[in-house]
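Visitor: What follows is query-v3.tsv, made up of TSV, C-alpha atoms:
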chain	number	residue	atom	x	y	z
A	217	MET	CA	84.01	92.14	43.37
A	218	THR	CA	83.01	92.97	46.99
A	219	THR	CA	84.57	95.54	49.28
A	220	ASP	CA	85.10	95.59	53.00
A	221	ASN	CA	82.67	98.51	53.41
A	222	PRO	CA	79.96	98.40	50.77
A	223	ALA	CA	78.27	101.57	49.73
A	224	GLY	CA	75.33	102.54	51.86
A	225	ALA	CA	76.43	100.38	54.80
A	226	THR	CA	76.63	102.23	58.09
A	227	GLU	CA	78.89	101.52	61.03
A	228	ASP	CA	75.97	100.15	63.06
A	229	ASP	CA	74.95	97.78	60.19
A	230	SER	CA	78.41	96.27	59.87
A	231	PRO	CA	78.57	92.80	61.41
A	232	ILE	CA	82.08	93.48	62.71
A	233	ALA	CA	81.37	96.93	64.11
A	234	GLU	CA	82.88	97.50	67.49
A	235	LYS	CA	80.63	98.00	70.44
A	236	PRO	CA	81.00	101.26	72.39
A	237	HIS	CA	82.18	99.47	75.51
A	238	THR	CA	84.73	97.58	73.38
A	239	ARG	CA	86.17	100.83	72.07
A	240	ARG	CA	86.35	102.29	75.56
A	241	ARG	CA	88.11	99.18	76.82
A	242	ALA	CA	90.65	99.39	74.00
A	243	GLU	CA	91.39	103.04	74.83
A	244	ARG	CA	92.47	102.26	78.40
A	245	PRO	CA	96.22	102.78	78.88
A	246	ALA	CA	98.29	99.72	79.61
A	247	PRO	CA	99.42	99.37	83.22
A	248	GLU	CA	102.86	100.70	83.92
A	249	PRO	CA	105.52	98.05	84.48
A	250	GLU	CA	106.87	97.70	88.01
A	251	PRO	CA	110.12	99.67	88.39
A	252	GLU	CA	113.24	97.60	88.77
A	253	LEU	CA	116.01	98.26	91.23
A	254	THR	CA	119.42	99.27	89.95
A	255	ARG	CA	121.81	96.31	90.24
A	256	ARG	CA	125.35	96.98	91.39
A	257	PRO	CA	128.05	94.38	92.07
A	258	TYR	CA	129.03	94.00	95.68
A	259	VAL	CA	132.73	93.49	96.41
A	260	GLU	CA	133.76	92.07	99.74
A	261	PRO	CA	136.17	94.36	101.66
A	262	THR	CA	139.71	93.08	102.06
A	263	PRO	CA	140.13	91.79	105.63
A	264	SER	CA	143.05	93.06	107.67
A	265	SER	CA	145.91	90.68	108.31
A	266	ARG	CA	146.28	91.90	111.91
A	267	SER	CA	144.06	90.64	114.68
A	268	PHE	CA	141.58	92.90	116.40
A	269	TRP	CA	143.49	93.08	119.69
A	270	THR	CA	146.81	93.96	118.08
A	271	ARG	CA	145.20	96.99	116.42
A	272	ILE	CA	144.31	98.54	119.81
A	273	ASP	CA	147.01	101.14	120.35
A	274	ARG	CA	145.50	102.74	123.50
A	275	PRO	CA	143.91	100.05	125.68
A	276	PHE	CA	142.80	102.46	128.42
A	277	ALA	CA	141.04	104.81	126.03
A	278	PHE	CA	139.54	101.85	124.21
A	279	GLY	CA	138.14	100.37	127.45
A	280	PHE	CA	136.81	103.77	128.53
A	281	LEU	CA	134.99	104.24	125.21
A	282	VAL	CA	133.59	100.70	125.33
A	283	THR	CA	132.27	101.34	128.86
A	284	LEU	CA	130.69	104.61	127.76
A	285	GLY	CA	129.14	102.85	124.79
A	286	GLY	CA	127.68	100.15	127.03
A	287	LEU	CA	126.24	102.73	129.43
A	288	ALA	CA	124.79	104.68	126.51
A	289	ALA	CA	123.16	101.50	125.17
A	290	ILE	CA	121.65	100.75	128.60
A	291	ALA	CA	120.34	104.32	128.90
A	292	LEU	CA	118.88	104.10	125.41
A	293	GLY	CA	117.16	100.81	126.26
A	294	LEU	CA	115.67	102.30	129.44
A	295	ALA	CA	114.48	105.35	127.49
A	296	ILE	CA	112.79	103.16	124.87
A	297	THR	CA	111.16	101.11	127.64
A	298	ASN	CA	109.78	104.25	129.28
A	299	LEU	CA	108.57	105.54	125.91
A	300	SER	CA	106.91	102.25	124.93
A	301	THR	CA	103.39	103.71	125.25
A	302	VAL	CA	104.28	106.67	123.03
A	303	LEU	CA	105.92	104.39	120.47
A	304	ILE	CA	102.82	102.18	120.43
A	305	TYR	CA	100.63	105.25	119.80
A	306	ILE	CA	102.90	106.33	116.94
A	307	ALA	CA	102.95	102.84	115.40
A	308	LEU	CA	99.16	102.50	115.64
A	309	ALA	CA	98.57	105.93	114.11
A	310	LEU	CA	101.09	105.26	111.33
A	311	PHE	CA	99.46	101.97	110.36
A	312	ALA	CA	96.04	103.61	110.42
A	313	ALA	CA	97.34	106.44	108.21
A	314	LEU	CA	98.79	103.93	105.74
A	315	GLY	CA	95.39	102.21	105.72
A	316	LEU	CA	93.63	105.50	104.88
A	317	ASP	CA	96.16	106.47	102.20
A	318	PRO	CA	94.61	104.16	99.53
A	319	ALA	CA	91.28	105.99	99.99
A	320	VAL	CA	93.04	109.33	99.42
A	321	ARG	CA	94.74	108.00	96.29
A	322	PHE	CA	91.42	106.61	95.05
A	323	LEU	CA	89.83	110.06	95.24
A	324	GLU	CA	92.89	111.59	93.57
A	325	ARG	CA	92.59	109.15	90.66
A	326	HIS	CA	89.03	110.40	90.20
A	327	ARG	CA	90.31	113.96	89.61
A	328	MET	CA	89.79	115.29	93.12
A	329	PRO	CA	92.56	117.60	94.38
A	330	ARG	CA	94.67	116.07	97.12
A	331	ALA	CA	93.67	118.72	99.65
A	332	TRP	CA	89.97	117.98	99.15
A	333	ALA	CA	90.66	114.23	99.13
A	334	LEU	CA	92.40	114.55	102.51
A	335	VAL	CA	89.56	116.63	103.93
A	336	THR	CA	86.96	114.16	102.63
A	337	VAL	CA	88.72	111.12	104.09
A	338	LEU	CA	89.42	112.75	107.46
A	339	VAL	CA	85.87	114.13	107.81
A	340	SER	CA	84.48	110.70	106.91
A	341	LEU	CA	86.71	109.12	109.57
A	342	LEU	CA	85.57	111.60	112.22
A	343	VAL	CA	81.90	111.13	111.29
A	344	LEU	CA	82.29	107.35	111.42
A	345	LEU	CA	83.96	107.48	114.83
A	346	GLY	CA	81.26	109.84	116.07
A	347	LEU	CA	78.50	107.50	114.90
A	348	VAL	CA	80.21	104.54	116.57
A	349	ILE	CA	80.57	106.42	119.86
A	350	TRP	CA	76.99	107.73	119.73
A	351	ALA	CA	75.22	104.56	118.61
A	352	VAL	CA	77.38	101.61	119.61
A	353	VAL	CA	79.29	102.46	122.78
A	354	PRO	CA	76.25	103.09	125.08
A	355	VAL	CA	74.58	99.89	123.91
A	356	VAL	CA	77.78	97.89	124.34
A	357	VAL	CA	78.29	99.24	127.87
A	358	GLN	CA	74.69	98.41	128.73
A	359	GLN	CA	75.06	94.90	127.33
A	360	ILE	CA	78.30	94.36	129.28
A	361	ALA	CA	76.53	95.29	132.50
A	362	SER	CA	73.58	93.09	131.56
A	363	PHE	CA	75.93	90.23	130.72
A	364	ILE	CA	77.60	90.42	134.13
A	365	LYS	CA	74.18	90.50	135.81
A	366	ASP	CA	72.78	87.62	133.75
A	367	VAL	CA	75.76	85.27	134.18
A	368	PRO	CA	74.22	83.38	137.17
A	369	GLY	CA	70.94	82.83	135.31
A	370	MET	CA	72.72	81.68	132.16
A	371	ILE	CA	74.80	79.20	134.15
A	372	ALA	CA	71.69	77.98	135.99
A	373	ASP	CA	69.89	77.39	132.67
A	374	PHE	CA	72.96	75.57	131.40
A	375	GLU	CA	72.99	73.33	134.47
A	376	ALA	CA	69.33	72.43	133.81
A	377	SER	CA	69.99	71.44	130.19
A	378	ASP	CA	70.47	67.92	128.85
A	379	LEU	CA	73.97	68.82	127.64
A	380	TYR	CA	75.07	69.57	131.21
A	381	ALA	CA	73.68	66.23	132.38
A	382	THR	CA	75.57	64.44	129.61
A	383	LEU	CA	78.86	66.18	130.40
A	384	GLU	CA	78.39	65.58	134.13
A	385	ALA	CA	77.76	61.89	133.54
A	386	GLN	CA	80.85	61.74	131.33
A	387	PHE	CA	83.31	63.65	133.53
A	388	GLY	CA	81.74	63.25	136.98
A	389	ASP	CA	82.31	65.63	139.86
A	390	ASN	CA	85.25	67.36	138.20
A	391	PHE	CA	83.01	69.01	135.65
A	392	GLU	CA	80.56	70.12	138.34
A	393	ASP	CA	83.39	71.64	140.37
A	394	LEU	CA	84.66	73.45	137.28
A	395	VAL	CA	81.27	75.02	136.58
A	396	GLY	CA	80.97	76.02	140.22
A	397	GLN	CA	84.37	77.72	140.16
A	398	VAL	CA	83.50	79.62	136.97
A	399	GLN	CA	80.20	80.75	138.48
A	400	GLY	CA	81.87	81.82	141.72
A	401	PHE	CA	84.53	83.79	139.87
A	402	LEU	CA	82.08	85.60	137.56
A	403	THR	CA	79.59	86.45	140.32
A	404	ASP	CA	82.15	87.79	142.82
A	405	PRO	CA	82.42	91.60	142.46
A	406	GLY	CA	85.82	91.50	144.10
A	407	ASN	CA	87.19	89.39	141.26
A	408	ILE	CA	85.71	91.72	138.66
A	409	ALA	CA	87.35	94.70	140.38
A	410	ALA	CA	90.63	92.80	140.76
A	411	ILE	CA	90.76	92.18	137.01
A	412	GLY	CA	91.23	95.91	136.47
A	413	GLY	CA	93.37	96.42	139.57
A	414	GLY	CA	90.63	97.96	141.71
A	415	ALA	CA	88.18	100.80	141.27
A	416	LEU	CA	90.84	103.51	141.10
A	417	GLN	CA	92.83	101.52	138.57
A	418	VAL	CA	89.71	101.02	136.42
A	419	GLY	CA	89.05	104.76	136.42
A	420	ALA	CA	92.68	105.50	135.57
A	421	SER	CA	92.58	102.94	132.77
A	422	ILE	CA	89.44	104.52	131.29
A	423	ALA	CA	90.96	108.02	131.45
A	424	SER	CA	94.22	106.77	129.95
A	425	GLY	CA	92.33	104.99	127.17
A	426	ILE	CA	90.36	108.13	126.26
A	427	SER	CA	93.47	110.32	126.23
A	428	GLY	CA	95.34	107.69	124.20
A	429	ALA	CA	92.52	107.51	121.65
A	430	ILE	CA	92.59	111.32	121.25
A	431	ILE	CA	96.38	111.30	120.80
A	432	VAL	CA	96.18	108.51	118.21
A	433	LEU	CA	93.40	110.34	116.34
A	434	VAL	CA	95.46	113.56	116.18
A	435	LEU	CA	98.50	111.60	114.97
A	436	ILE	CA	96.40	109.85	112.32
A	437	ILE	CA	95.20	113.21	110.98
A	438	TYR	CA	98.77	114.53	110.91
A	439	PHE	CA	100.24	111.42	109.28
A	440	VAL	CA	97.55	111.23	106.60
A	441	ALA	CA	97.98	114.91	105.72
A	442	THR	CA	101.80	114.80	105.60
A	443	LEU	CA	102.53	111.22	104.52
A	444	SER	CA	104.18	112.24	101.23
A	445	GLY	CA	106.34	114.82	102.96
A	446	ILE	CA	107.38	112.33	105.64
A	447	LYS	CA	108.49	109.82	103.02
A	448	GLN	CA	110.46	112.47	101.11
A	449	ALA	CA	112.14	113.66	104.31
A	450	MET	CA	113.13	110.11	105.25
A	451	LEU	CA	114.54	109.52	101.77
A	452	ARG	CA	116.76	112.60	102.14
A	453	LEU	CA	118.57	110.83	104.99
A	454	ILE	CA	119.70	108.08	102.59
A	455	PRO	CA	122.79	108.55	100.37
A	456	ALA	CA	121.96	109.93	96.95
A	457	ARG	CA	123.26	106.84	95.13
A	458	ASP	CA	120.70	104.64	96.94
A	459	ARG	CA	117.79	107.09	96.98
A	460	ALA	CA	116.06	105.78	93.84
A	461	ASN	CA	116.06	102.18	95.03
A	462	ALA	CA	114.95	103.23	98.52
A	463	ALA	CA	112.04	105.19	97.01
A	464	ILE	CA	110.89	102.11	95.08
A	465	ILE	CA	111.08	99.89	98.17
A	466	THR	CA	109.33	102.53	100.30
A	467	GLU	CA	106.43	102.78	97.87
A	468	GLN	CA	106.07	99.02	97.73
A	469	ILE	CA	106.10	98.75	101.53
A	470	THR	CA	103.58	101.56	102.04
A	471	ASP	CA	101.28	100.17	99.34
A	472	SER	CA	101.51	96.72	100.88
A	473	VAL	CA	100.87	97.91	104.44
A	474	GLY	CA	98.06	100.21	103.33
A	475	GLY	CA	96.38	97.46	101.34
A	476	TYR	CA	96.73	95.05	104.25
A	477	VAL	CA	95.29	97.43	106.85
A	478	MET	CA	92.35	98.38	104.64
A	479	GLY	CA	91.75	94.73	103.77
A	480	MET	CA	91.82	93.54	107.39
A	481	VAL	CA	89.42	96.28	108.49
A	482	THR	CA	87.07	95.38	105.64
A	483	LEU	CA	87.14	91.67	106.49
A	484	ALA	CA	86.63	92.38	110.20
A	485	PHE	CA	83.67	94.66	109.43
A	486	ILE	CA	82.04	91.99	107.24
A	487	ASN	CA	82.68	89.46	109.99
A	488	SER	CA	81.00	91.65	112.60
A	489	LEU	CA	77.98	92.12	110.35
A	490	VAL	CA	77.66	88.34	109.92
A	491	VAL	CA	77.84	87.83	113.70
A	492	LEU	CA	75.28	90.58	114.34
A	493	LEU	CA	72.93	89.04	111.78
A	494	LEU	CA	73.32	85.48	113.11
A	495	TYR	CA	72.86	86.44	116.77
A	496	SER	CA	69.84	88.63	115.94
A	497	VAL	CA	68.10	86.05	113.73
A	498	LEU	CA	68.77	83.15	116.11
A	499	GLY	CA	67.63	85.20	119.10
A	500	LEU	CA	70.92	84.81	120.99
A	501	PRO	CA	71.76	87.34	123.72
A	502	PHE	CA	73.98	90.42	123.36
A	503	PRO	CA	74.22	90.60	119.53
A	504	LEU	CA	75.81	94.05	119.34
A	505	LEU	CA	78.35	93.25	122.05
A	506	LEU	CA	79.38	90.06	120.23
A	507	ALA	CA	79.54	91.94	116.90
A	508	VAL	CA	81.96	94.52	118.36
A	509	THR	CA	83.97	91.70	119.95
A	510	ALA	CA	84.10	89.90	116.60
A	511	PHE	CA	85.39	93.06	114.88
A	512	MET	CA	88.21	93.45	117.40
A	513	ILE	CA	89.24	89.78	117.48
A	514	THR	CA	89.03	89.10	113.74
A	515	LEU	CA	91.54	91.89	113.10
A	516	ILE	CA	94.10	89.34	114.29
A	517	PRO	CA	95.30	87.61	111.11
A	518	LEU	CA	94.60	83.95	110.38
A	519	VAL	CA	93.61	82.93	113.91
A	520	GLY	CA	91.14	85.71	114.78
A	521	SER	CA	88.14	84.04	113.12
A	522	VAL	CA	88.91	80.72	114.81
A	523	LEU	CA	89.20	82.41	118.20
A	524	PHE	CA	85.88	84.17	117.85
A	525	TRP	CA	84.22	81.00	116.55
A	526	MET	CA	85.10	79.40	119.87
A	527	ILE	CA	84.08	82.45	121.94
A	528	GLY	CA	80.79	82.98	120.11
A	529	SER	CA	79.86	79.30	120.29
A	530	VAL	CA	80.60	79.07	124.03
A	531	ILE	CA	78.55	82.18	124.85
A	532	ALA	CA	75.67	80.87	122.72
A	533	LEU	CA	75.98	77.50	124.49
A	534	PHE	CA	74.94	79.05	127.81
A	535	SER	CA	71.77	80.37	126.16
A	536	ASP	CA	70.63	77.40	124.05
A	537	PRO	CA	72.76	74.37	123.05
A	538	LEU	CA	70.82	73.80	119.83
A	539	LEU	CA	71.13	77.44	118.73
A	540	ALA	CA	74.80	77.33	119.67
A	541	LEU	CA	75.29	74.33	117.39
A	542	ILE	CA	73.47	76.12	114.56
A	543	PHE	CA	75.60	79.25	115.06
A	544	ALA	CA	78.81	77.22	115.14
A	545	ALA	CA	77.89	75.40	111.91
A	546	ILE	CA	76.86	78.55	110.00
A	547	TYR	CA	79.87	80.54	111.18
A	548	LEU	CA	82.18	77.67	110.23
A	549	VAL	CA	80.73	77.76	106.71
A	550	TYR	CA	81.29	81.53	106.61
A	551	MET	CA	84.91	81.03	107.69
A	552	GLN	CA	85.48	78.78	104.66
A	553	PHE	CA	83.77	81.34	102.40
A	554	GLU	CA	85.93	84.09	103.85
A	555	ALA	CA	89.16	82.10	103.51
A	556	TYR	CA	88.66	80.96	99.91
A	557	PHE	CA	86.59	83.77	98.38
A	558	LEU	CA	86.68	87.04	100.33
A	559	THR	CA	90.27	87.13	101.55
A	560	PRO	CA	91.97	86.57	98.14
A	561	ARG	CA	89.93	89.40	96.62
A	562	VAL	CA	90.10	91.89	99.47
A	563	MET	CA	93.79	91.28	100.19
A	564	SER	CA	94.90	91.26	96.54
A	565	ARG	CA	96.94	94.48	97.00
A	566	ALA	CA	98.85	93.22	100.02
A	567	VAL	CA	102.03	91.21	99.76
A	568	SER	CA	101.32	87.52	100.21
A	569	VAL	CA	102.93	86.14	103.35
A	570	PRO	CA	103.27	82.38	103.93
A	571	GLY	CA	100.84	81.01	106.48
A	572	SER	CA	103.60	79.73	108.74
A	573	LEU	CA	105.16	83.20	108.94
A	574	VAL	CA	101.74	84.71	109.69
A	575	VAL	CA	101.29	82.38	112.68
A	576	ILE	CA	104.86	82.93	113.91
A	577	GLY	CA	104.61	86.70	113.47
A	578	ALA	CA	101.25	86.85	115.26
A	579	MET	CA	102.63	84.87	118.22
A	580	VAL	CA	105.80	86.97	118.46
A	581	GLY	CA	103.90	90.26	118.10
A	582	GLY	CA	101.25	89.20	120.60
A	583	THR	CA	103.90	88.18	123.12
A	584	LEU	CA	105.81	91.45	122.79
A	585	LEU	CA	103.04	94.03	122.35
A	586	GLY	CA	99.78	92.22	123.03
A	587	LEU	CA	96.85	92.80	120.65
A	588	LEU	CA	98.62	95.64	118.82
A	589	GLY	CA	101.62	93.42	118.19
A	590	ALA	CA	99.40	90.69	116.75
A	591	LEU	CA	97.73	93.25	114.46
A	592	VAL	CA	100.95	94.76	113.06
A	593	ALA	CA	102.82	91.45	112.84
A	594	VAL	CA	101.77	90.68	109.25
A	595	PRO	CA	102.58	94.16	107.82
A	596	VAL	CA	105.96	94.11	109.52
A	597	THR	CA	106.61	90.61	108.20
A	598	ALA	CA	105.56	91.68	104.71
A	599	SER	CA	107.90	94.68	104.87
A	600	ILE	CA	110.80	92.47	105.95
A	601	LEU	CA	110.07	90.08	103.07
A	602	ILE	CA	110.08	92.97	100.59
A	603	ILE	CA	113.45	94.19	101.90
A	604	ILE	CA	114.90	90.68	101.75
A	605	LYS	CA	113.58	90.13	98.23
A	606	LYS	CA	114.63	93.51	96.83
A	607	VAL	CA	117.86	94.19	98.75
A	608	TRP	CA	119.35	91.16	100.48
A	609	VAL	CA	118.80	88.54	97.76
A	610	PRO	CA	120.19	90.71	94.89
A	611	ARG	CA	123.13	91.64	97.08
A	612	GLN	CA	123.89	87.98	97.73
A	613	ASP	CA	123.50	87.17	94.02
A	614	SER	CA	126.01	89.89	93.11
A	615	ARG	CA	128.73	88.78	95.53
A	616	ILE	CA	131.99	88.03	93.72
Spit out the file's structure as structure tokens when you get a sec.

Guide:
Amino acid sequence: MTTDNPAGATEDDSPIAEKPHTRRRAERPAPEPEPELTRRPYVEPTPSSRSFWTRIDRPFAFGFLVTLGGLAAIALGLAITNLSTVLIYIALALFAALGLDPAVRFLERHRMPRAWALVTVLVSLLVLLGLVIWAVVPVVVQQIASFIKDVPGMIADFEASDLYATLEAQFGDNFEDLVGQVQGFLTDPGNIAAIGGGALQVGASIASGISGAIIVLVLIIYFVATLSGIKQAMLRLIPARDRANAAIITEQITDSVGGYVMGMVTLAFINSLVVLLLYSVLGLPFPLLLAVTAFMITLIPLVGSVLFWMIGSVIALFSDPLLALIFAAIYLVYMQFEAYFLTPRVMSRAVSVPGSLVVIGAMVGGTLLGLLGALVAVPVTASILIIIKKVWVPRQDSRI
């Protein structure tokens, strides 16, 4: 008669002995289930049998109050319009803080106190910004000046290429006139100054940009350090009966926005590295300038990579048509790799938004707020979808 553990057999000799990594894996706690919102039936209020106008007992007072309300709404709209720059700074800093919050939580999960986690993340951010300003900005400014100076030579080389001869034979004098107009516009200093509204306007824009960047950086530091307190203070403004559900929705929205911001920055950084590598290996001009441009443009969801693919290919076309074709082909392959492999893994924490809503949100945001609107369109859309899914749909289902 045999036994399960014969005498003299050790744990290592047993054929069914568990491996150390198997035991460690079994000891991991199971993930906590997602909290569910409290369901309450919604009863439609009983409508009044009297019409709206018959319930107005004092028409003069009613008209006076309506007029005051309209004037107050107009004044509020004008105030918001005048404060649009400040509101944009606050929105940008808030989204950046939500993007840094996952890094703080990551350090907290690894048994680092929250105070030290905040200091580590903020110091890392300041060091990174300092390195970018010290190493990248001077080179980018130099390459911008060199690009403006080299535009006539690049266009002249393009006119001497076989591709130009083919396009000219295909489209005739119209194509030649188009190239001449582009060259005249880019080589006219007056046009370059007019783009920024003149020399004084350019200086004012630079000063305003620097001051805005400092304000946003200070707000980011404040929001990251006090994000938990801000959320608790906002929840105190909600009735106590709805506070638990609002806390659940708030956490889901902040996690979604934070994961999206961190994911988009990661994808844009990888994209810029790919562009820098391709331009450097192929010997195309202005690699660092195009890498920074790629980082800024590819932050735009869904269409950013396509836009830069066109921009990068056109700029490379003025240098060498064959190298431009090689760049366009390789970058197109990378776009497929990014869409089907990188994006699903990097953006796994963000709420999935249908592609049609991404395009619509990016167009609406870009029309209203420019580049910033296009950047925040997807997080705002994701937040709206969470509210609809968690609040509006259950409320409609409970109507009786």

Visitor: Could you check the closest approach to Ala507 in chain A for each of A:Asn487, A:Ser535, A:Ser521, A:Ser614 and tell me which residue wins, using all atoms listed in the file?

Guide: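 Among the listed residues, A:Asn487 lies closest to Ala507 in chain A.
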
Visitor: Take CA of Leu504 in chain A and CA of Leu489 in chain A and report the distance between them in Å, one decimal.

Guide: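 Computed distance, CA of Leu504 in chain A to CA of Leu489 in chain A, equals 9.4 Å.
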
Visitor: What's the separation between CA of Ile426 in chain A and CA of Leu310 in chain A, in Å to one decimal place?

Guide: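 CA of Ile426 in chain A sits 18.6 Å away from CA of Leu310 in chain A.
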
Visitor: Pick the closest to Lys605 in chain A from A:Ala460, A:Phe311, A:Ile469, A:Ala277: which is it, counting all atoms listed in the file?

Guide: A:Ile469

Visitor: Taking all atoms listed in the file into account, name the residue in A:Ala381, A:Leu483, A:Leu435, A:Leu342 that is nearest to Ile516 in chain A.

Guide: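 Comparing A:Ala381, A:Leu483, A:Leu435, A:Leu342 against Ile516 in chain A, the winner is A:Leu483.
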
Visitor: Go ahead and compute the interatomic distance for CA of Val432 in chain A and CA of Gly577 in chain A, in Å to one decimal.

Guide: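 CA of Val432 in chain A sits 23.9 Å away from CA of Gly577 in chain A.
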
Visitor: Taking a cut-off of 12 Å and counting all atoms listed in the file, can you build a table that, for each residue of range 418-465 of chain A near range 327-338 of chain A, reports the nearest atom pair and how far apart they are in Å (one decimal), sorted by chain then residue number, as JSON lines?

Guide:
{"residue": "A:Leu433", "atom": "CA", "partner": "A:Leu338", "partner_atom": "CA", "distance": 10.0}
{"residue": "A:Val434", "atom": "CA", "partner": "A:Leu338", "partner_atom": "CA", "distance": 10.6}
{"residue": "A:Leu435", "atom": "CA", "partner": "A:Leu338", "partner_atom": "CA", "distance": 11.8}
{"residue": "A:Ile436", "atom": "CA", "partner": "A:Leu338", "partner_atom": "CA", "distance": 9.0}
{"residue": "A:Ile437", "atom": "CA", "partner": "A:Leu338", "partner_atom": "CA", "distance": 6.8}
{"residue": "A:Tyr438", "atom": "CA", "partner": "A:Leu338", "partner_atom": "CA", "distance": 10.1}
{"residue": "A:Phe439", "atom": "CA", "partner": "A:Leu334", "partner_atom": "CA", "distance": 10.8}
{"residue": "A:Val440", "atom": "CA", "partner": "A:Leu334", "partner_atom": "CA", "distance": 7.4}
{"residue": "A:Ala441", "atom": "CA", "partner": "A:Leu334", "partner_atom": "CA", "distance": 6.4}
{"residue": "A:Thr442", "atom": "CA", "partner": "A:Leu334", "partner_atom": "CA", "distance": 9.9}
{"residue": "A:Leu443", "atom": "CA", "partner": "A:Leu334", "partner_atom": "CA", "distance": 10.9}
{"residue": "A:Ser444", "atom": "CA", "partner": "A:Arg330", "partner_atom": "CA", "distance": 11.0}

Visitor: Considering all atoms listed in the file, can you say which of A:Arg611, A:Ile486, A:Glu252, A:Thr283 comes closest to Phe553 in chain A?

Guide: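 Of A:Arg611, A:Ile486, A:Glu252, A:Thr283, the one nearest Phe553 in chain A, counting all atoms listed in the file, is A:Ile486.
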
Visitor: Between A:Leu538, A:Ile431, A:Leu523, A:Leu494, single out the one closest to Ala307 in chain A, counting only C-alpha atoms.

Guide: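 The answer is A:Ile431, which sits nearest to Ala307 in chain A.
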
Visitor: Quick one: everything within 10 Å of Thr254 in chain A, counting only C-alpha atoms, minus sequence neighbours fewer than 2 positions away in the same chain. Send it as a PyMOL selection string.

Guide: chain A and resi 251-252+256+457-458+460-461+610
